[in-house]
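A short worksheet on the structure shown next.
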Amino acid sequence: MLVTSVCGHIMNYDFPEKYRNWKGTPFTSLYTAPIEKKVTANAKAAVSSLKEAAKGINTIILWLDCDREGEAIAFDVLDVCKSISKPLKVYRAHFSTVTVEDIRNALENLTDPNEKLANAVTIRQEVDLRIGACFTRFQTLLIQEMFPKYGVISYGPCQFPTLGFIVERYQLIKKFVPEKFFYLDCRVEREVANKKLEVKFEWGRNRLFDELATCILLESCEEAKHAKVIKVVKKETYKRKPYPLNTIALQKTASRKLHFSGHKIMEMAEKLYNKGLISYPRTETSRYSSTINIKNLVNRQTGSNVWGNFATRLIENKDGLFKGPLNGKDDDKAHPPIHPVKLARYVLD
């Protein structure tokens, strides 16, 4: 058995040479112009490796991501292999995690590749190319006439909506007019069971924008010297377990708690992934597959001098402590939620 790999898409679409003259090609002609499928510049080595591996084979199993993009890449890989070795028996392996159980299950349940999913990606790529090229050329040439120093003004179906959100938020921030506000902060410190306990009293008005009125109320409180508690509210609070971590949740949580940019967060996550410490960090999935043994993952953390004791208690399941993770709604069928693969015993560079 020969095993080889690719890194992302190995093919992309482009216009023939005669349509690459920006000024000499009418913008609207790009909507109907023929397009060509070519090997991407950074995938030439991978394609050469595929062709070498395809020599003399009669069966191929496609182990690509189990989403639309993975299906499209699978058919590109198949086209390359068929150009070298015909005919081929073709099978598709479906898996979402690289565990023994999932790999074995995928091998025992091989299917045919899904051409409809691959075609959906092909259509999306073609639409992106035609719309992006047309508007990029149009606005670039238009703006360069007025502002020659500007380079390419790129347009894309995702770029512009995202830019709209950014501009909208920027305008809200610029238009915001801050106002000073004032409030009464009343706290009492008591000693209970040899521990200092601070009690904060809430003010019904919460805050005022009038400093003089707030000062008058403060003086009234100080002159009275005594206060009367009119209501005591007691309630139990619960903190629900978080849903399994996907990419968006990772970026939100790390940005809020660590104050890193989204780019920095993903850069660090990629380093952790490449060192085999966490699972693939680009995922939309927020629920674990039944083939993932959660207890095995927790067991690998028992050697930590920080959370090892807690991990051990979970494994021992005393008093029913181990309840398993919650299940979110999203599952991209390609990658599991982000989780530690093994115990990290050192700090990354």
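Convention: chains lettered A, B, ... in structure tokens order; per-chain residue numbering from 1; ligands numbered from 1 as shown.
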7 Å contact set for stretch 309-326 of chain A, only C-alpha atoms, chain neighbours under 4 positions out, as a VMD selection string: chain A and resid 243 to 244 295 298 to 299 301 to 302
Selection above as a file: N, CA and C atoms, as a PDB file, in the first residue's frame:
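As written to disk, result_22.pdb reads:
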ATOM      1  N   TYR A 243     -19.825  24.530  25.342  1.00  0.00           N
ATOM      2  CA  TYR A 243     -19.932  23.588  24.235  1.00  0.00           C
ATOM      3  C   TYR A 243     -18.534  23.264  23.712  1.00  0.00           C
ATOM      4  N   PRO A 244     -18.351  22.115  23.095  1.00  0.00           N
ATOM      5  CA  PRO A 244     -17.047  21.800  22.488  1.00  0.00           C
ATOM      6  C   PRO A 244     -16.573  22.927  21.587  1.00  0.00           C
ATOM      7  N   LYS A 295     -12.842   9.823  27.527  1.00  0.00           N
ATOM      8  CA  LYS A 295     -12.096   9.452  28.731  1.00  0.00           C
ATOM      9  C   LYS A 295     -10.621   9.212  28.419  1.00  0.00           C
ATOM     10  N   VAL A 298      -9.027  12.604  28.321  1.00  0.00           N
ATOM     11  CA  VAL A 298      -8.869  13.150  29.673  1.00  0.00           C
ATOM     12  C   VAL A 298      -7.741  12.427  30.402  1.00  0.00           C
ATOM     13  N   ASN A 299      -7.647  11.112  30.201  1.00  0.00           N
ATOM     14  CA  ASN A 299      -6.631  10.310  30.875  1.00  0.00           C
ATOM     15  C   ASN A 299      -5.215  10.771  30.533  1.00  0.00           C
ATOM     16  N   GLN A 301      -4.250  13.678  30.342  1.00  0.00           N
ATOM     17  CA  GLN A 301      -3.949  14.910  31.063  1.00  0.00           C
ATOM     18  C   GLN A 301      -3.678  14.692  32.547  1.00  0.00           C
ATOM     19  N   THR A 302      -3.744  13.449  33.004  1.00  0.00           N
ATOM     20  CA  THR A 302      -3.575  13.195  34.437  1.00  0.00           C
ATOM     21  C   THR A 302      -2.152  13.459  34.924  1.00  0.00           C
TER      22      THR A 302
END
Residues within 7 Å of stretch 60-72 of chain A, only C-alpha atoms, excluding chain neighbours under 6 positions, as a ChimeraX atom specification: /A:88-96,114,117-118,121,332-334
Residues of stretch 26-268 of chain A in alpha helix (DSSP H), written as number ranges by chain: A: 44-54, 68-82, 100-108, 115-146, 159-175, 211-224, 247-258, 262-268
Two-atom distance - atom CA of A:Ile84, atom CA of A:Lys51 (Å): 6.3 Å
Within 12 Å of A:Met1 using only C-alpha atoms, minus same-chain residues under 6 positions, as a list of chain:residue names: A:Ala53, A:Ala54, A:Gly56, A:Ile57, A:Asn58, A:Thr59, A:Ile60, A:Ile61
Could you write those residues out with C-alpha atoms, as an mmCIF file, in the first residue's frame?
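Output file selection_7.cif is given in full below:
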data_model
loop_
_atom_site.group_PDB
_atom_site.id
_atom_site.type_symbol
_atom_site.label_atom_id
_atom_site.label_comp_id
_atom_site.auth_asym_id
_atom_site.auth_seq_id
_atom_site.Cartn_x
_atom_site.Cartn_y
_atom_site.Cartn_z
ATOM 1 C CA ALA A 53 2.542 7.048 -6.629
ATOM 2 C CA ALA A 54 -0.142 6.380 -9.268
ATOM 3 C CA GLY A 56 0.971 0.778 -11.779
ATOM 4 C CA ILE A 57 -1.836 1.012 -9.188
ATOM 5 C CA ASN A 58 -5.334 -0.366 -9.774
ATOM 6 C CA THR A 59 -7.159 0.852 -6.659
ATOM 7 C CA ILE A 60 -7.277 4.226 -4.911
ATOM 8 C CA ILE A 61 -8.886 5.181 -1.592
#
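Counting only C-alpha atoms, the residue from A:Leu184, A:Leu208, A:Met11, A:Arg137 that sits nearest to A:Cys221 is A:Leu184.
Contact shell of stretch 149-165 of chain A at 9 Å (only C-alpha atoms; same-chain neighbours under 2 positions omitted): Asp128, Leu129, Ile131, Gly132, Ala133, Cys134, Phe135, Thr136, Arg137, Gln139, Thr140, Leu141, Ile143, Gln144, Phe147, Val167, Glu168, Arg169 and Tyr170 of chain A.
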